[in-house]
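**Q** Following this line is data21.txt, made up of compact mmCIF, C-alpha atoms:
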```txt
# COMPACT_ATOMS: atom_id res chain seq x y z
CA MET A 11 -5.11 -35.04 129.76
CA TYR A 12 -4.86 -36.69 133.15
CA ALA A 13 -1.78 -35.87 135.20
CA ALA A 14 -1.05 -38.45 137.87
CA PRO A 15 0.46 -37.30 141.17
CA VAL A 16 4.22 -37.45 141.53
CA CYS A 17 4.85 -40.44 143.75
CA GLY A 18 8.46 -40.09 144.80
CA LYS A 19 9.93 -40.15 148.29
CA VAL A 20 7.35 -39.12 150.93
CA GLY A 21 4.60 -38.58 148.35
CA ILE A 22 4.51 -42.21 147.30
CA GLY A 23 3.56 -43.36 150.78
CA ILE A 24 0.69 -40.89 151.02
CA TYR A 25 -0.53 -41.79 147.54
CA MET A 26 -0.37 -45.53 148.05
CA SER A 27 -2.15 -45.46 151.40
CA LEU A 28 -4.84 -42.90 150.59
CA VAL A 29 -5.53 -43.39 146.89
CA LEU A 30 -4.79 -47.06 146.37
CA ASN A 31 -5.67 -48.07 149.95
CA VAL A 32 -3.05 -50.80 150.04
CA SER A 33 -0.09 -51.76 152.21
CA PRO A 34 2.97 -49.45 152.33
CA PRO A 35 5.15 -48.89 149.27
CA LEU A 36 8.26 -50.87 148.60
CA THR A 37 11.50 -49.44 149.93
CA THR A 38 13.61 -47.85 147.20
CA VAL A 39 17.09 -46.59 146.45
CA GLN A 40 18.04 -44.01 143.83
CA VAL A 41 19.80 -45.67 140.91
CA GLY A 42 20.49 -43.72 137.73
CA GLY A 43 18.07 -41.02 138.89
CA PHE A 44 15.12 -43.36 139.46
CA SER A 45 13.81 -44.40 142.87
CA THR A 46 14.14 -48.14 142.31
CA ALA A 47 12.54 -50.87 144.42
CA LEU A 48 14.87 -53.01 146.52
CA ALA A 49 12.41 -55.91 146.19
CA ASP A 50 13.15 -59.15 144.41
CA ARG A 51 10.88 -60.69 141.76
CA ASP A 52 8.67 -62.66 144.13
CA GLU A 53 8.11 -59.63 146.35
CA LEU A 54 7.19 -57.52 143.33
CA ALA A 55 4.80 -60.15 142.01
CA SER A 56 3.13 -60.45 145.41
CA TRP A 57 2.88 -56.67 145.73
CA MET A 58 1.22 -56.34 142.33
CA CYS A 59 -1.35 -59.00 143.19
CA ASP A 60 -2.02 -57.39 146.58
CA VAL A 61 -2.70 -54.08 144.80
CA CYS A 62 -5.14 -55.80 142.42
CA GLU A 63 -6.99 -57.47 145.29
CA ALA A 64 -7.31 -54.09 147.06
CA ARG A 65 -9.19 -52.74 144.02
CA PRO A 66 -7.47 -49.34 143.71
CA THR A 67 -9.27 -46.19 142.62
CA ILE A 68 -6.88 -45.87 139.69
CA PRO A 69 -4.32 -48.43 138.51
CA ALA A 70 -0.81 -48.56 139.92
CA LEU A 71 1.93 -47.82 137.41
CA VAL A 72 4.70 -50.46 137.46
CA PHE A 73 7.61 -49.53 135.20
CA SER A 74 11.08 -50.96 134.65
CA SER A 75 14.54 -49.44 134.75
CA ASN A 76 17.37 -50.50 132.45
CA GLY A 77 20.13 -48.84 130.47
CA GLN A 78 17.80 -47.70 127.71
CA GLY A 79 15.30 -46.18 130.14
CA ILE A 80 18.00 -44.39 132.13
CA ALA A 81 19.51 -43.00 128.91
CA LEU A 82 16.09 -41.69 127.83
CA SER A 83 15.56 -39.67 131.01
CA GLY A 84 15.93 -35.93 130.60
CA GLY A 85 15.25 -36.03 126.87
CA ASP A 86 11.46 -36.27 126.80
CA THR A 87 9.27 -34.34 129.24
CA LYS A 88 6.34 -36.75 128.82
CA TYR A 89 8.53 -39.74 129.58
CA ASP A 90 10.05 -37.99 132.58
CA ALA A 91 6.57 -37.16 133.91
CA ALA A 92 5.47 -40.76 133.48
CA MET A 93 8.50 -42.13 135.33
CA SER A 94 8.01 -39.60 138.13
CA ALA A 95 4.42 -40.79 138.52
CA ALA A 96 5.35 -44.48 138.73
CA ASP A 97 4.31 -46.31 141.88
CA VAL A 98 7.06 -48.90 141.39
CA ILE A 99 10.18 -48.82 139.25
CA HIS A 100 12.07 -52.11 139.33
CA ALA A 101 15.54 -53.25 138.25
CA ASP A 102 14.94 -54.75 134.83
CA GLY A 103 18.56 -54.35 133.74
CA MET A 104 21.59 -56.00 135.29
CA SER A 105 23.41 -52.65 135.21
CA VAL A 106 20.83 -51.25 137.65
CA LEU A 107 21.34 -54.14 140.05
CA MET A 108 25.13 -53.88 139.84
CA ALA A 109 25.11 -50.11 140.38
CA SER A 110 23.03 -50.53 143.54
CA LYS A 111 25.57 -53.05 144.86
CA LEU A 112 28.66 -51.05 143.94
CA LEU A 113 27.52 -47.48 144.57
CA THR A 114 25.04 -47.66 147.46
CA ASN A 115 24.71 -49.21 150.88
CA SER A 116 21.24 -50.52 149.98
CA PRO A 117 21.70 -53.15 147.28
CA ILE A 118 18.66 -54.30 145.33
CA ARG A 119 17.86 -57.86 146.36
CA GLY A 120 17.65 -59.28 142.86
CA ARG A 121 17.20 -58.41 139.20
CA SER A 122 13.60 -58.36 138.04
CA ALA A 123 13.84 -58.69 134.28
CA THR A 124 10.30 -58.28 132.98
CA THR A 125 10.63 -61.44 130.89
CA ASP A 126 11.15 -63.35 134.16
CA LEU A 127 8.87 -61.24 136.36
CA PHE A 128 5.96 -61.98 134.04
CA HIS A 129 6.06 -65.65 135.02
CA ASP A 130 6.19 -64.83 138.74
CA VAL A 131 3.15 -62.58 138.41
CA ALA A 132 1.36 -65.20 136.29
CA ARG A 133 1.90 -67.88 138.93
CA HIS A 134 0.66 -65.62 141.73
CA ALA A 135 -2.29 -64.41 139.64
CA GLN A 136 -3.28 -67.96 138.71
CA GLU A 137 -3.30 -68.99 142.36
CA ARG A 138 -5.24 -65.90 143.44
CA GLY A 139 -7.80 -65.83 140.63
CA LEU A 140 -6.60 -62.58 139.04
CA SER A 141 -6.86 -61.77 135.34
CA PHE A 142 -4.61 -60.40 132.57
CA PHE A 143 -5.12 -58.23 129.50
CA VAL A 144 -2.33 -58.42 126.89
CA LEU A 145 -1.76 -55.20 124.92
CA GLY A 146 0.90 -54.58 122.29
CA ALA A 147 3.04 -56.01 119.45
CA SER A 148 1.67 -57.09 116.07
CA GLU A 149 -1.59 -59.01 115.78
CA ASP A 150 0.24 -62.21 114.92
CA GLN A 151 2.84 -61.96 117.66
CA ASN A 152 0.26 -60.92 120.25
CA ALA A 153 -1.94 -63.92 119.38
CA ARG A 154 0.99 -66.35 119.55
CA ALA A 155 2.17 -64.88 122.86
CA VAL A 156 -1.30 -65.28 124.38
CA ALA A 157 -1.50 -68.85 123.09
CA GLN A 158 1.79 -69.62 124.82
CA ILE A 159 0.63 -68.00 128.08
CA ARG A 160 -2.46 -70.20 128.00
CA ARG A 161 -0.31 -73.29 127.45
CA LEU A 162 1.99 -72.40 130.33
CA TYR A 163 -0.75 -71.27 132.74
CA PRO A 164 -4.00 -73.04 131.82
CA ALA A 165 -5.81 -71.81 134.94
CA LEU A 166 -4.85 -68.17 134.36
CA ASN A 167 -7.73 -65.96 133.27
CA ILE A 168 -6.76 -63.92 130.19
CA VAL A 169 -9.76 -61.68 129.66
CA GLY A 170 -8.61 -59.87 126.54
CA ARG A 171 -5.86 -58.98 124.13
CA ARG A 172 -5.19 -56.33 121.51
CA ASN A 173 -2.28 -55.52 119.22
CA GLY A 174 -0.32 -52.31 119.68
CA TYR A 175 -1.05 -50.82 116.27
CA PHE A 176 -3.60 -48.13 117.04
CA GLU A 177 -3.65 -44.35 116.68
CA GLU A 178 -3.57 -42.01 119.67
CA ALA A 179 -7.15 -41.04 118.87
CA GLN A 180 -8.17 -44.68 119.43
CA SER A 181 -6.81 -44.81 122.98
CA GLY A 182 -10.26 -44.13 124.44
CA GLU A 183 -11.64 -47.15 122.59
CA VAL A 184 -8.73 -49.30 123.75
CA CYS A 185 -9.20 -48.21 127.36
CA ALA A 186 -12.93 -48.92 127.19
CA GLN A 187 -12.20 -52.44 125.91
CA ILE A 188 -9.74 -53.06 128.74
CA VAL A 189 -12.07 -51.75 131.46
CA ALA A 190 -14.99 -53.77 130.09
CA SER A 191 -12.84 -56.92 130.25
CA GLY A 192 -12.47 -56.59 134.02
CA ALA A 193 -8.69 -57.10 133.82
CA ASP A 194 -6.62 -56.90 137.00
CA VAL A 195 -3.17 -56.61 135.38
CA VAL A 196 -2.69 -55.03 131.96
CA TRP A 197 0.60 -55.86 130.26
CA VAL A 198 1.53 -52.96 127.97
CA GLY A 199 4.15 -53.71 125.31
CA LEU A 200 4.42 -50.62 123.15
CA GLY A 201 8.16 -50.01 123.49
CA LYS A 202 9.97 -47.33 125.48
CA PRO A 203 9.10 -44.50 125.94
CA LYS A 204 5.69 -44.84 124.28
CA GLN A 205 4.40 -47.47 126.71
CA GLU A 206 5.20 -45.44 129.83
CA ILE A 207 3.70 -42.29 128.36
CA TRP A 208 0.57 -44.15 127.24
CA CYS A 209 0.03 -45.66 130.68
CA HIS A 210 0.49 -42.31 132.38
CA GLU A 211 -1.78 -40.36 130.04
CA ASN A 212 -4.57 -42.97 130.04
CA ARG A 213 -4.45 -43.91 133.70
CA ALA A 214 -7.69 -42.19 134.67
CA ALA A 215 -9.55 -43.83 131.78
CA LEU A 216 -8.48 -47.24 133.12
CA ALA A 217 -10.12 -46.91 136.54
CA GLY A 218 -10.96 -50.37 137.83
CA VAL A 219 -7.72 -51.96 136.62
CA GLY A 220 -5.28 -52.98 139.37
CA CYS A 221 -1.87 -52.53 137.72
CA LEU A 222 -0.49 -51.28 134.43
CA LYS A 223 2.79 -53.13 133.82
CA THR A 224 5.00 -52.10 130.92
CA CYS A 225 6.74 -55.02 129.24
CA GLY A 226 8.68 -53.89 126.14
CA GLY A 227 9.62 -56.92 124.04
CA LEU A 228 8.09 -59.55 126.33
CA TYR A 229 5.72 -60.88 123.66
CA ALA A 230 8.60 -61.62 121.28
CA PHE A 231 10.08 -63.96 123.89
CA LEU A 232 6.73 -65.57 124.70
CA ALA A 233 5.98 -66.08 121.00
CA GLY A 234 9.40 -67.62 120.40
CA ASP A 235 10.61 -64.85 118.08
CA SER A 236 13.46 -63.87 120.43
CA ALA A 237 15.66 -65.97 122.71
CA ARG A 238 17.03 -65.18 126.15
CA ALA A 239 20.76 -65.27 126.74
CA PRO A 240 22.15 -68.26 128.66
CA LYS A 241 21.86 -67.87 132.42
CA TRP A 242 25.60 -67.40 132.88
CA VAL A 243 25.58 -64.55 130.35
CA GLN A 244 22.69 -62.92 132.22
CA ARG A 245 24.52 -63.26 135.53
CA ILE A 246 27.62 -61.41 134.35
CA GLY A 247 25.53 -58.58 132.86
CA PHE A 248 26.11 -59.21 129.14
CA GLU A 249 22.61 -60.11 127.98
CA TRP A 250 22.62 -56.87 125.98
CA LEU A 251 25.66 -58.14 124.05
CA PHE A 252 23.91 -61.45 123.35
CA ARG A 253 20.94 -59.55 121.94
CA LEU A 254 23.21 -57.25 119.93
CA MET A 255 24.93 -60.24 118.31
CA GLY A 256 21.53 -61.66 117.37
CA ASP A 257 20.22 -58.45 115.77
CA PRO A 258 23.17 -56.08 115.13
CA LYS A 259 21.51 -54.07 112.36
CA ARG A 260 18.66 -52.94 114.60
CA LEU A 261 20.41 -52.72 117.96
CA TRP A 262 23.99 -51.53 117.40
CA ARG A 263 23.14 -47.82 117.39
CA ARG A 264 20.86 -48.14 120.41
CA TYR A 265 23.49 -49.89 122.53
CA ALA A 266 26.40 -47.79 121.27
CA ILE A 267 24.65 -44.64 122.43
CA THR A 268 22.53 -45.71 125.38
CA ASN A 269 25.20 -47.78 127.13
CA VAL A 270 27.49 -44.77 127.39
CA GLN A 271 24.70 -42.40 128.46
CA ALA A 272 23.40 -44.88 131.00
CA ALA A 273 26.87 -45.50 132.45
CA VAL A 274 27.39 -41.78 133.01
CA ARG A 275 24.01 -41.36 134.70
CA LEU A 276 24.46 -44.47 136.83
CA MET A 277 27.71 -43.04 138.16
CA ARG A 278 26.31 -39.55 138.61
CA ASP A 279 22.77 -40.20 139.81
CA THR A 280 23.03 -43.21 142.12
CA ARG A 281 22.73 -42.47 145.83
CA SER A 282 22.84 -44.34 149.14
CA ASN A 283 19.54 -42.93 150.29
CA PRO A 284 16.62 -45.39 150.43
CA VAL A 285 13.23 -43.72 150.46
CA GLY A 286 9.71 -44.85 151.33
CA THR A 287 8.81 -47.11 154.21
CA SER A 288 9.75 -50.63 155.21
CA PRO A 289 9.64 -53.31 152.50
CA HIS A 290 6.28 -54.72 151.54
CA ARG A 291 5.41 -58.04 153.14
CA PRO A 292 2.90 -60.53 151.71
CA ARG A 293 -0.49 -60.76 153.39
CA GLY A 294 -0.51 -62.79 156.57
CA ASP A 295 3.08 -61.96 157.60
```
Using the file provided, produce a representation of the structure as structure tokens.
**A**
Amino acid sequence: MYAAPVCGKVGIGIYMSLVLNVSPPLTTVQVGGFSTALADRDELASWMCDVCEARPTIPALVFSSNGQGIALSGGDTKYDAAMSAADVIHADGMSVLMASKLLTNSPIRGRSATTDLFHDVARHAQERGLSFFVLGASEDQNARAVAQIRRLYPALNIVGRRNGYFEEAQSGEVCAQIVASGADVVWVGLGKPKQEIWCHENRAALAGVGCLKTCGGLYAFLAGDSARAPKWVQRIGFEWLFRLMGDPKRLWRRYAITNVQAAVRLMRDTRSNPVGTSPHRPRGD
């Protein structure tokens, strides 16, 4: 099994400059125990595309932080190892953004919900001639999500797709398919914590890919199976409640437990100590 280097604090700068051979890492602040990028969505999208254009030796790991992810930390050694190896962790949840504003002197510049960030990356990738591989969800939902992506971004090169229903023993076959496709960004929607662990453990087998970006339930939104909360609900941090009201049978236990755990860890493990170097700037600045 491949073990990626731990890329926190000083180590991330060394790794990004020597292994990936790209511009400096994004500045971070510790929120809920994770070194979380201060960057907004456009900066993150630009950074991901810059990494792809630099053709890294192994793919960058781009993971998200939200209440569920923070609550999971400390309970699964494989998940913890994967998060420690991430090159970028971004504020997917509004609670992460709010904690950075209330509990640190280095507020995150904007929430980067993956369902929104996807469209920023797609626009940048379309303009820069980069390609996507879409991995995860059921065969039907994956196919409908890809069809919608093609409708929204007709010039975007989607070089492959595959559903998320495969055994661990088939991971080598899946990785070979992805590498053969020539994908720059692989969107991995296998659900937390499986998707982070899968990316971490299969990173070496995906040499040639630019970024592995976890995306949870993104395909359900793209396929039209799930709806986003109204913008005003998102702004006040209650999108989780909107989702709970739409699917209480599946989500009530998750939110009842993880919201409390995440709140405790956000209070306990958020620090005013940015790490890394200066914020990434797009090429040409």
**Q** Compile the contact shell of A:Ala273 as an NGL selection string: residues with an atom at most 10 Å away, counting all atoms listed in the file, same-chain residues fewer than 3 positions apart removed.
**A** :A and (42 or 77 or 80-81 or 105-106 or 109 or 268-270 or 276-279)
**Q** Taking a cut-off of 10 Å and counting all atoms listed in the file, can you build a table that, for each residue of stretch 39-148 of chain A near stretch 217-238 of chain A, reports the nearest atom pair and how far apart they are in Å (one decimal), sorted by chain then residue number, as a tab-separated table?
**A**
```
residue	atom	partner	partner_atom	distance
A:Met58	CA	A:Cys221	CA	6.7
A:Cys59	CA	A:Gly220	CA	8.1
A:Asp60	CA	A:Gly220	CA	9.1
A:Val61	CA	A:Gly220	CA	6.1
A:Cys62	CA	A:Gly220	CA	4.2
A:Glu63	CA	A:Gly220	CA	7.6
A:Ala64	CA	A:Gly220	CA	8.0
A:Arg65	CA	A:Gly220	CA	6.1
A:Pro66	CA	A:Gly220	CA	6.1
A:Thr67	CA	A:Ala217	CA	6.2
A:Ile68	CA	A:Ala217	CA	4.6
A:Pro69	CA	A:Gly220	CA	4.7
A:Ala70	CA	A:Cys221	CA	4.7
A:Leu71	CA	A:Leu222	CA	5.2
A:Val72	CA	A:Lys223	CA	4.9
A:Phe73	CA	A:Thr224	CA	5.6
A:Ser74	CA	A:Thr224	CA	7.2
A:Ala96	CA	A:Leu222	CA	9.9
A:Asp97	CA	A:Cys221	CA	9.7
A:Val98	CA	A:Lys223	CA	9.7
A:Asp102	CA	A:Cys225	CA	9.9
A:Ala123	CA	A:Cys225	CA	9.4
A:Thr124	CA	A:Cys225	CA	6.1
A:Thr125	CA	A:Leu228	CA	5.6
A:Asp126	CA	A:Leu228	CA	9.2
A:Leu127	CA	A:Cys225	CA	9.7
A:Phe128	CA	A:Leu228	CA	8.4
A:Leu140	CA	A:Gly220	CA	9.7
A:Ser141	CA	A:Gly220	CA	9.8
A:Phe142	CA	A:Cys221	CA	9.8
A:Phe143	CA	A:Leu222	CA	9.7
A:Val144	CA	A:Tyr229	CA	9.0
A:Leu145	CA	A:Tyr229	CA	9.5
A:Gly146	CA	A:Tyr229	CA	8.0
A:Ala147	CA	A:Tyr229	CA	7.0
A:Ser148	CA	A:Tyr229	CA	9.4
```
**Q** Taking into account all atoms listed in the file, which residue in the set A:Ala135, A:Leu162, A:Thr38, A:Gln271 is nearest to A:Asn76?
**A**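 Of all the options, A:Gln271 lies closest to A:Asn76.
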**Q** What is the distance between atom CA of A:Gly182 and atom CA of A:Leu82, in Å to one decimal?
**A**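 Calculated distance between atom CA of A:Gly182 and atom CA of A:Leu82 is 26.7 Å.
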**Q** Can you tell me how far atom CA of A:Cys185 sits from atom CA of A:His129, in Å to one decimal?
**A**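 Atom CA of A:Cys185 sits 24.4 Å away from atom CA of A:His129.
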**Q** How many Å separate atom CA of A:Pro164 from atom CA of A:Arg133?
**A** 10.6 Å
**Q** Between A:Lys202, A:Arg138, A:Arg275, A:Arg213, single out the one closest to A:Gln40, counting all atoms listed in the file.
**A**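 Closest residue, counting all atoms listed in the file: A:Arg275.
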**Q** May I ask which of the residues A:Arg172, A:Asn167, A:Gly103, A:Asp86 is the closest one to A:Ala153, counting only C-alpha atoms?
**A** A:Arg172
**Q** Please list as a list in words every residue within 8 Å of A:Asp50, counting all atoms listed in the file and excluding residues in the same chain fewer than 4 positions away.
**A**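 Close residues of A:Asp50: Leu54, Ile118, Arg119, Gly120, Arg121 and Ser122 of chain A.
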**Q** Emit the selected residues as an mmCIF file, in the frame of the given file, including C-alpha atoms.
**A**
```cif
data_model
loop_
_atom_site.group_PDB
_atom_site.id
_atom_site.type_symbol
_atom_site.label_atom_id
_atom_site.label_comp_id
_atom_site.auth_asym_id
_atom_site.auth_seq_id
_atom_site.Cartn_x
_atom_site.Cartn_y
_atom_site.Cartn_z
ATOM 1 C CA LEU A 54 7.190 -57.520 143.330
ATOM 2 C CA ILE A 118 18.660 -54.300 145.330
ATOM 3 C CA ARG A 119 17.860 -57.860 146.360
ATOM 4 C CA GLY A 120 17.650 -59.280 142.860
ATOM 5 C CA ARG A 121 17.200 -58.410 139.200
ATOM 6 C CA SER A 122 13.600 -58.360 138.040
#
```
**Q** With 5 Å of padding per side, what axis-aligned box (centre and edge lengths, Å, one decimal) covers all the listed atoms of stretch 204-214 of chain A? Give it as lines of an AutoDock Vina configuration file.
**A**
```
center_x = -1.0
center_y = -43.9
center_z = 129.5
size_x = 23.4
size_y = 17.1
size_z = 20.4
```
**Q** Tell me which of A:Ser181, A:Asn152, A:Ser83, A:Thr114 sits closest to A:Asn212, counting all atoms listed in the file.
**A** A:Ser181
**Q** Identify, on the basis of all atoms listed in the file, every residue whose closest approach to A:Glu178 does not exceed 12 Å; exclude the query and any residue fewer than 5 positions from it along the same chain; express the result as a list of chain:residue names.
**A**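 Non-adjacent residues within range: A:Glu183, A:Val184, A:Cys185, A:Lys204, A:Gln205, A:Ile207, A:Trp208, A:Glu211, A:Asn212.
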